[in-house]
file input_31.txt (compact mmCIF, N, CA and C atoms)
# COMPACT_ATOMS: atom_id res chain seq x y z
N MET A 1 0.68 -13.35 -11.53
CA MET A 1 0.03 -12.16 -11.04
C MET A 1 0.84 -11.56 -9.90
N ARG A 2 1.04 -10.25 -9.93
CA ARG A 2 1.74 -9.56 -8.85
C ARG A 2 0.75 -9.29 -7.72
N THR A 3 1.12 -9.70 -6.51
CA THR A 3 0.24 -9.53 -5.37
C THR A 3 0.95 -8.74 -4.26
N PHE A 4 0.18 -8.18 -3.36
CA PHE A 4 0.73 -7.45 -2.22
C PHE A 4 1.20 -8.44 -1.17
N GLU A 5 2.36 -8.16 -0.57
CA GLU A 5 2.94 -9.02 0.45
C GLU A 5 3.02 -8.26 1.77
N ILE A 6 2.74 -8.95 2.87
CA ILE A 6 2.77 -8.34 4.20
C ILE A 6 4.20 -7.91 4.53
N GLY A 7 4.35 -6.69 5.04
CA GLY A 7 5.65 -6.17 5.44
C GLY A 7 6.41 -5.45 4.35
N LYS A 8 5.96 -5.55 3.12
CA LYS A 8 6.66 -4.91 2.01
C LYS A 8 6.12 -3.50 1.79
N ARG A 9 6.99 -2.60 1.32
CA ARG A 9 6.60 -1.22 1.06
C ARG A 9 6.44 -1.00 -0.45
N TYR A 10 5.41 -0.23 -0.80
CA TYR A 10 5.11 0.08 -2.20
C TYR A 10 5.01 1.59 -2.36
N GLY A 11 5.56 2.10 -3.44
CA GLY A 11 5.55 3.53 -3.72
C GLY A 11 6.96 4.01 -3.99
N GLU A 12 7.07 5.23 -4.54
CA GLU A 12 8.38 5.72 -4.96
C GLU A 12 8.71 7.13 -4.48
N HIS A 13 7.75 7.86 -4.02
CA HIS A 13 7.96 9.28 -3.76
C HIS A 13 8.08 9.56 -2.27
N ALA A 14 7.61 10.71 -1.84
CA ALA A 14 7.71 11.11 -0.43
C ALA A 14 6.83 10.26 0.48
N VAL A 15 5.85 9.56 -0.12
CA VAL A 15 4.96 8.70 0.67
C VAL A 15 5.00 7.29 0.09
N VAL A 16 5.29 6.31 0.95
CA VAL A 16 5.20 4.91 0.54
C VAL A 16 4.18 4.23 1.45
N PHE A 17 3.70 3.07 1.01
CA PHE A 17 2.66 2.37 1.74
C PHE A 17 3.17 1.00 2.17
N GLU A 18 3.13 0.73 3.47
CA GLU A 18 3.58 -0.54 4.02
C GLU A 18 2.35 -1.40 4.31
N ILE A 19 2.36 -2.65 3.81
CA ILE A 19 1.24 -3.57 4.02
C ILE A 19 1.38 -4.19 5.41
N VAL A 20 0.35 -4.02 6.24
CA VAL A 20 0.38 -4.50 7.61
C VAL A 20 -0.34 -5.84 7.73
N LYS A 21 -1.54 -5.94 7.16
CA LYS A 21 -2.33 -7.18 7.18
C LYS A 21 -2.95 -7.39 5.82
N ARG A 22 -3.34 -8.64 5.55
CA ARG A 22 -3.96 -8.95 4.27
C ARG A 22 -4.97 -10.07 4.43
N THR A 23 -6.11 -9.94 3.76
CA THR A 23 -7.06 -11.03 3.61
C THR A 23 -7.22 -11.26 2.12
N GLU A 24 -8.13 -12.12 1.75
CA GLU A 24 -8.35 -12.41 0.33
C GLU A 24 -8.82 -11.16 -0.44
N LYS A 25 -9.67 -10.34 0.20
CA LYS A 25 -10.27 -9.20 -0.50
C LYS A 25 -9.81 -7.83 -0.03
N THR A 26 -9.17 -7.74 1.13
CA THR A 26 -8.77 -6.44 1.67
C THR A 26 -7.32 -6.45 2.16
N ILE A 27 -6.77 -5.26 2.30
CA ILE A 27 -5.47 -5.10 2.93
C ILE A 27 -5.57 -3.96 3.94
N THR A 28 -4.68 -3.99 4.92
CA THR A 28 -4.52 -2.89 5.86
C THR A 28 -3.13 -2.32 5.61
N TYR A 29 -3.07 -1.02 5.36
CA TYR A 29 -1.78 -0.39 5.07
C TYR A 29 -1.54 0.78 6.01
N ALA A 30 -0.29 1.17 6.11
CA ALA A 30 0.10 2.37 6.85
C ALA A 30 0.94 3.23 5.91
N ALA A 31 0.59 4.50 5.80
CA ALA A 31 1.35 5.42 4.96
C ALA A 31 2.61 5.84 5.72
N ILE A 32 3.76 5.79 5.05
CA ILE A 32 5.03 6.19 5.63
C ILE A 32 5.48 7.45 4.89
N HIS A 33 5.56 8.58 5.62
CA HIS A 33 6.01 9.83 5.02
C HIS A 33 7.51 9.96 5.21
N HIS A 34 8.23 10.38 4.19
CA HIS A 34 9.68 10.58 4.19
C HIS A 34 10.43 9.30 4.59
N PRO A 35 10.22 8.20 3.86
CA PRO A 35 10.87 6.93 4.24
C PRO A 35 12.39 7.00 4.15
N GLY A 36 13.05 6.41 5.15
CA GLY A 36 14.51 6.34 5.15
C GLY A 36 15.21 7.60 5.60
N ARG A 37 14.47 8.59 6.03
CA ARG A 37 15.07 9.84 6.47
C ARG A 37 14.91 9.99 7.98
N SER A 38 15.56 10.96 8.53
CA SER A 38 15.50 11.18 9.98
C SER A 38 14.11 11.62 10.42
N ASN A 39 13.33 12.24 9.54
CA ASN A 39 12.00 12.69 9.90
C ASN A 39 10.91 11.74 9.39
N GLU A 40 11.23 10.46 9.23
CA GLU A 40 10.25 9.47 8.78
C GLU A 40 9.11 9.38 9.80
N SER A 41 7.87 9.35 9.30
CA SER A 41 6.73 9.22 10.21
C SER A 41 5.72 8.24 9.62
N ARG A 42 5.13 7.47 10.51
CA ARG A 42 4.16 6.46 10.12
C ARG A 42 2.77 6.96 10.51
N ARG A 43 1.85 6.94 9.55
CA ARG A 43 0.49 7.42 9.79
C ARG A 43 -0.39 6.27 10.25
N GLU A 44 -1.64 6.57 10.59
CA GLU A 44 -2.54 5.55 11.10
C GLU A 44 -2.86 4.51 10.02
N GLU A 45 -3.18 3.29 10.46
CA GLU A 45 -3.47 2.20 9.54
C GLU A 45 -4.88 2.36 8.98
N LYS A 46 -5.03 2.00 7.71
CA LYS A 46 -6.34 2.06 7.05
C LYS A 46 -6.58 0.76 6.30
N LYS A 47 -7.85 0.39 6.19
CA LYS A 47 -8.24 -0.85 5.52
C LYS A 47 -8.93 -0.50 4.21
N VAL A 48 -8.49 -1.14 3.11
CA VAL A 48 -9.08 -0.88 1.79
C VAL A 48 -9.28 -2.18 1.03
N LYS A 49 -10.13 -2.11 0.02
CA LYS A 49 -10.42 -3.27 -0.82
C LYS A 49 -9.36 -3.40 -1.91
N ILE A 50 -8.96 -4.63 -2.20
CA ILE A 50 -8.00 -4.91 -3.27
C ILE A 50 -8.76 -5.01 -4.59
N GLN A 51 -8.24 -4.35 -5.61
CA GLN A 51 -8.80 -4.41 -6.96
C GLN A 51 -7.93 -5.32 -7.82
N ASP A 52 -8.54 -6.16 -8.64
CA ASP A 52 -7.82 -7.07 -9.52
C ASP A 52 -7.79 -6.47 -10.92
N TRP A 53 -6.60 -6.11 -11.40
CA TRP A 53 -6.44 -5.54 -12.73
C TRP A 53 -5.77 -6.53 -13.66
N GLY A 54 -6.25 -7.75 -13.68
CA GLY A 54 -5.71 -8.76 -14.58
C GLY A 54 -4.40 -9.35 -14.10
N ASP A 55 -3.28 -8.73 -14.44
CA ASP A 55 -1.97 -9.27 -14.10
C ASP A 55 -1.39 -8.70 -12.80
N ARG A 56 -2.12 -7.80 -12.13
CA ARG A 56 -1.61 -7.21 -10.88
C ARG A 56 -2.77 -6.77 -9.99
N GLU A 57 -2.44 -6.60 -8.70
CA GLU A 57 -3.40 -6.08 -7.74
C GLU A 57 -3.11 -4.61 -7.50
N VAL A 58 -4.16 -3.84 -7.25
CA VAL A 58 -4.01 -2.42 -6.94
C VAL A 58 -4.96 -2.06 -5.80
N PHE A 59 -4.66 -0.94 -5.13
CA PHE A 59 -5.62 -0.36 -4.20
C PHE A 59 -5.53 1.14 -4.31
N PHE A 60 -6.59 1.80 -3.87
CA PHE A 60 -6.67 3.24 -3.95
C PHE A 60 -6.53 3.83 -2.56
N ALA A 61 -5.54 4.70 -2.39
CA ALA A 61 -5.28 5.39 -1.12
C ALA A 61 -5.56 6.87 -1.36
N GLY A 62 -6.77 7.27 -1.12
CA GLY A 62 -7.15 8.66 -1.41
C GLY A 62 -7.11 8.91 -2.90
N SER A 63 -6.25 9.80 -3.35
CA SER A 63 -6.14 10.12 -4.77
C SER A 63 -5.04 9.33 -5.46
N GLU A 64 -4.36 8.45 -4.74
CA GLU A 64 -3.25 7.68 -5.30
C GLU A 64 -3.66 6.25 -5.62
N THR A 65 -3.14 5.72 -6.72
CA THR A 65 -3.32 4.32 -7.09
C THR A 65 -2.02 3.60 -6.81
N VAL A 66 -2.06 2.56 -5.99
CA VAL A 66 -0.86 1.83 -5.60
C VAL A 66 -0.91 0.45 -6.24
N GLU A 67 0.11 0.12 -7.02
CA GLU A 67 0.17 -1.17 -7.71
C GLU A 67 1.15 -2.11 -7.04
N ALA A 68 0.82 -3.41 -7.07
CA ALA A 68 1.73 -4.43 -6.50
C ALA A 68 2.90 -4.60 -7.43
call {"tool": "encode", "arguments": {"input": "input_31.txt", "output": "structure tokens"}}
result
Amino acid sequence: MRTFEIGKRYGEHAVVFEIVKRTEKTITYAAIHHPGRSNESRREEKKVKIQDWGDREVFFAGSETVEA
């Protein structure tokens, strides 16, 4: 099963999500806008519930689905 790891970034586009903390059922993430560029900015941390989709974990960040 693919799981979320603390300190790792997930996503591919202009916004990626960095995992800050993790418990068995929840994660705390910070959205990173424009990663790797000079105008990179880190948004406030948010706590969400982890969903189990069989072979991977996912969470919902607003309208986006983020997979491990």
call {"tool": "atom_distance", "arguments": {"input": "input_31.txt", "atom1": "atom N of A:Ile50", "atom2": "atom C of A:Glu24"}}
result
6.8 Å
call {"tool": "closest_residue", "arguments": {"input": "input_31.txt", "among": "A:His13, A:Lys21, A:Arg2, A:Lys8", "to": "A:Lys46", "atoms": "only C-alpha atoms"}}
result
A:Lys21
call {"tool": "closest_residue", "arguments": {"input": "input_31.txt", "among": "A:Asp55, A:Glu40, A:Glu64, A:Glu5", "to": "A:Ile27", "atoms": "only C-alpha atoms"}}
result
A:Glu5
call {"tool": "select_by_dssp", "arguments": {"input": "input_31.txt", "residues": "chain A", "states": "strand (DSSP E or B)", "output": "JSON, numbers by chain"}}
result
{"A": [2, 9, 10, 15, 16, 17, 18, 19, 20, 21, 22, 26, 27, 28, 29, 30, 31, 32, 33, 41, 42, 43, 44, 45, 46, 47, 48, 49, 51, 52, 56, 57, 58, 59, 60, 61, 64, 65, 66, 67]}
call {"tool": "residues_around", "arguments": {"input": "input_31.txt", "residues": "A:Glu57", "least_positions_apart": "2", "cutoff": "7 Å", "atoms": "all atoms listed in the file", "output": "list of chain:residue names"}}
result
A:Met1, A:Arg2, A:Thr3, A:Phe4, A:Ile50, A:Gln51, A:Asp52, A:Trp53, A:Gly54, A:Asp55, A:Phe59, A:Val66, A:Glu67, A:Ala68
call {"tool": "atom_distance", "arguments": {"input": "input_31.txt", "atom1": "atom C of A:Thr23", "atom2": "atom N of A:Arg42"}}
result
24.0 Å
call {"tool": "atom_distance", "arguments": {"input": "input_31.txt", "atom1": "atom N of A:Gly11", "atom2": "atom CA of A:Val58"}}
result
11.1 Å
call {"tool": "closest_residue", "arguments": {"input": "input_31.txt", "among": "A:Phe60, A:Val16, A:His33, A:Arg9", "to": "A:Val48", "atoms": "only N, CA and C atoms"}}
result
A:Phe60
call {"tool": "closest_residue", "arguments": {"input": "input_31.txt", "among": "A:Thr28, A:Thr65, A:His34, A:Lys47", "to": "A:Ala14", "atoms": "only N, CA and C atoms"}}
result
A:His34
call {"tool": "axis_aligned_box", "arguments": {"input": "input_31.txt", "around": "stretch 38-51 of chain A", "padding_each_side": "8 Å", "output": "JSON"}}
result
{"center_x": 2.6, "center_y": 3.7, "center_z": 1.6, "size_x": 42.0, "size_y": 34.0, "size_z": 34.9}
call {"tool": "build_atoms", "arguments": {"input": "input_31.txt", "residues": "stretch 45-68 of chain A", "atoms": "N, CA, C and O atoms", "output": "PDB file, in the coordinates of the input"}}
result
ATOM      1  N   GLU A  45      -3.180   3.290  10.460  1.00  0.00           N
ATOM      2  CA  GLU A  45      -3.470   2.200   9.540  1.00  0.00           C
ATOM      3  C   GLU A  45      -4.880   2.360   8.980  1.00  0.00           C
ATOM      4  O   GLU A  45      -5.799   2.781   9.678  1.00  0.00           O
ATOM      5  N   LYS A  46      -5.030   2.000   7.710  1.00  0.00           N
ATOM      6  CA  LYS A  46      -6.340   2.060   7.050  1.00  0.00           C
ATOM      7  C   LYS A  46      -6.580   0.760   6.300  1.00  0.00           C
ATOM      8  O   LYS A  46      -5.644   0.125   5.814  1.00  0.00           O
ATOM      9  N   LYS A  47      -7.850   0.390   6.190  1.00  0.00           N
ATOM     10  CA  LYS A  47      -8.240  -0.850   5.520  1.00  0.00           C
ATOM     11  C   LYS A  47      -8.930  -0.500   4.210  1.00  0.00           C
ATOM     12  O   LYS A  47      -9.825   0.348   4.189  1.00  0.00           O
ATOM     13  N   VAL A  48      -8.490  -1.140   3.110  1.00  0.00           N
ATOM     14  CA  VAL A  48      -9.080  -0.880   1.790  1.00  0.00           C
ATOM     15  C   VAL A  48      -9.280  -2.180   1.030  1.00  0.00           C
ATOM     16  O   VAL A  48      -8.656  -3.199   1.337  1.00  0.00           O
ATOM     17  N   LYS A  49     -10.130  -2.110   0.020  1.00  0.00           N
ATOM     18  CA  LYS A  49     -10.420  -3.270  -0.820  1.00  0.00           C
ATOM     19  C   LYS A  49      -9.360  -3.400  -1.910  1.00  0.00           C
ATOM     20  O   LYS A  49      -8.935  -2.403  -2.501  1.00  0.00           O
ATOM     21  N   ILE A  50      -8.960  -4.630  -2.200  1.00  0.00           N
ATOM     22  CA  ILE A  50      -8.000  -4.910  -3.270  1.00  0.00           C
ATOM     23  C   ILE A  50      -8.760  -5.010  -4.590  1.00  0.00           C
ATOM     24  O   ILE A  50      -9.784  -5.668  -4.682  1.00  0.00           O
ATOM     25  N   GLN A  51      -8.240  -4.350  -5.610  1.00  0.00           N
ATOM     26  CA  GLN A  51      -8.800  -4.410  -6.960  1.00  0.00           C
ATOM     27  C   GLN A  51      -7.930  -5.320  -7.820  1.00  0.00           C
ATOM     28  O   GLN A  51      -6.706  -5.248  -7.740  1.00  0.00           O
ATOM     29  N   ASP A  52      -8.540  -6.160  -8.640  1.00  0.00           N
ATOM     30  CA  ASP A  52      -7.820  -7.070  -9.520  1.00  0.00           C
ATOM     31  C   ASP A  52      -7.790  -6.470 -10.920  1.00  0.00           C
ATOM     32  O   ASP A  52      -8.833  -6.323 -11.557  1.00  0.00           O
ATOM     33  N   TRP A  53      -6.600  -6.110 -11.400  1.00  0.00           N
ATOM     34  CA  TRP A  53      -6.440  -5.540 -12.730  1.00  0.00           C
ATOM     35  C   TRP A  53      -5.770  -6.530 -13.660  1.00  0.00           C
ATOM     36  O   TRP A  53      -4.815  -6.211 -14.358  1.00  0.00           O
ATOM     37  N   GLY A  54      -6.250  -7.750 -13.680  1.00  0.00           N
ATOM     38  CA  GLY A  54      -5.710  -8.760 -14.580  1.00  0.00           C
ATOM     39  C   GLY A  54      -4.400  -9.350 -14.100  1.00  0.00           C
ATOM     40  O   GLY A  54      -4.394 -10.351 -13.403  1.00  0.00           O
ATOM     41  N   ASP A  55      -3.280  -8.730 -14.440  1.00  0.00           N
ATOM     42  CA  ASP A  55      -1.970  -9.270 -14.100  1.00  0.00           C
ATOM     43  C   ASP A  55      -1.390  -8.700 -12.800  1.00  0.00           C
ATOM     44  O   ASP A  55      -0.286  -9.061 -12.405  1.00  0.00           O
ATOM     45  N   ARG A  56      -2.120  -7.800 -12.130  1.00  0.00           N
ATOM     46  CA  ARG A  56      -1.610  -7.210 -10.880  1.00  0.00           C
ATOM     47  C   ARG A  56      -2.770  -6.770  -9.990  1.00  0.00           C
ATOM     48  O   ARG A  56      -3.890  -6.595 -10.443  1.00  0.00           O
ATOM     49  N   GLU A  57      -2.440  -6.600  -8.700  1.00  0.00           N
ATOM     50  CA  GLU A  57      -3.400  -6.080  -7.740  1.00  0.00           C
ATOM     51  C   GLU A  57      -3.110  -4.610  -7.500  1.00  0.00           C
ATOM     52  O   GLU A  57      -1.964  -4.181  -7.566  1.00  0.00           O
ATOM     53  N   VAL A  58      -4.160  -3.840  -7.250  1.00  0.00           N
ATOM     54  CA  VAL A  58      -4.010  -2.420  -6.940  1.00  0.00           C
ATOM     55  C   VAL A  58      -4.960  -2.060  -5.800  1.00  0.00           C
ATOM     56  O   VAL A  58      -5.913  -2.785  -5.527  1.00  0.00           O
ATOM     57  N   PHE A  59      -4.660  -0.940  -5.130  1.00  0.00           N
ATOM     58  CA  PHE A  59      -5.620  -0.360  -4.200  1.00  0.00           C
ATOM     59  C   PHE A  59      -5.530   1.140  -4.310  1.00  0.00           C
ATOM     60  O   PHE A  59      -4.557   1.699  -4.816  1.00  0.00           O
ATOM     61  N   PHE A  60      -6.590   1.800  -3.870  1.00  0.00           N
ATOM     62  CA  PHE A  60      -6.670   3.240  -3.950  1.00  0.00           C
ATOM     63  C   PHE A  60      -6.530   3.830  -2.560  1.00  0.00           C
ATOM     64  O   PHE A  60      -7.269   3.487  -1.649  1.00  0.00           O
ATOM     65  N   ALA A  61      -5.540   4.700  -2.390  1.00  0.00           N
ATOM     66  CA  ALA A  61      -5.280   5.390  -1.120  1.00  0.00           C
ATOM     67  C   ALA A  61      -5.560   6.870  -1.360  1.00  0.00           C
ATOM     68  O   ALA A  61      -4.674   7.611  -1.786  1.00  0.00           O
ATOM     69  N   GLY A  62      -6.770   7.270  -1.120  1.00  0.00           N
ATOM     70  CA  GLY A  62      -7.150   8.660  -1.410  1.00  0.00           C
ATOM     71  C   GLY A  62      -7.110   8.910  -2.900  1.00  0.00           C
ATOM     72  O   GLY A  62      -7.819   8.255  -3.662  1.00  0.00           O
ATOM     73  N   SER A  63      -6.250   9.800  -3.350  1.00  0.00           N
ATOM     74  CA  SER A  63      -6.140  10.120  -4.770  1.00  0.00           C
ATOM     75  C   SER A  63      -5.040   9.330  -5.460  1.00  0.00           C
ATOM     76  O   SER A  63      -4.800   9.520  -6.648  1.00  0.00           O
ATOM     77  N   GLU A  64      -4.360   8.450  -4.740  1.00  0.00           N
ATOM     78  CA  GLU A  64      -3.250   7.680  -5.300  1.00  0.00           C
ATOM     79  C   GLU A  64      -3.660   6.250  -5.620  1.00  0.00           C
ATOM     80  O   GLU A  64      -4.418   5.639  -4.882  1.00  0.00           O
ATOM     81  N   THR A  65      -3.140   5.720  -6.720  1.00  0.00           N
ATOM     82  CA  THR A  65      -3.320   4.320  -7.090  1.00  0.00           C
ATOM     83  C   THR A  65      -2.020   3.600  -6.810  1.00  0.00           C
ATOM     84  O   THR A  65      -0.970   3.997  -7.322  1.00  0.00           O
ATOM     85  N   VAL A  66      -2.060   2.560  -5.990  1.00  0.00           N
ATOM     86  CA  VAL A  66      -0.860   1.830  -5.600  1.00  0.00           C
ATOM     87  C   VAL A  66      -0.910   0.450  -6.240  1.00  0.00           C
ATOM     88  O   VAL A  66      -1.872  -0.304  -6.042  1.00  0.00           O
ATOM     89  N   GLU A  67       0.110   0.120  -7.020  1.00  0.00           N
ATOM     90  CA  GLU A  67       0.170  -1.170  -7.710  1.00  0.00           C
ATOM     91  C   GLU A  67       1.150  -2.110  -7.040  1.00  0.00           C
ATOM     92  O   GLU A  67       2.184  -1.683  -6.538  1.00  0.00           O
ATOM     93  N   ALA A  68       0.820  -3.410  -7.070  1.00  0.00           N
ATOM     94  CA  ALA A  68       1.730  -4.430  -6.500  1.00  0.00           C
ATOM     95  C   ALA A  68       2.900  -4.600  -7.430  1.00  0.00           C
ATOM     96  O   ALA A  68       2.855  -4.338  -8.588  1.00  0.00           O
TER      97      ALA A  68
END
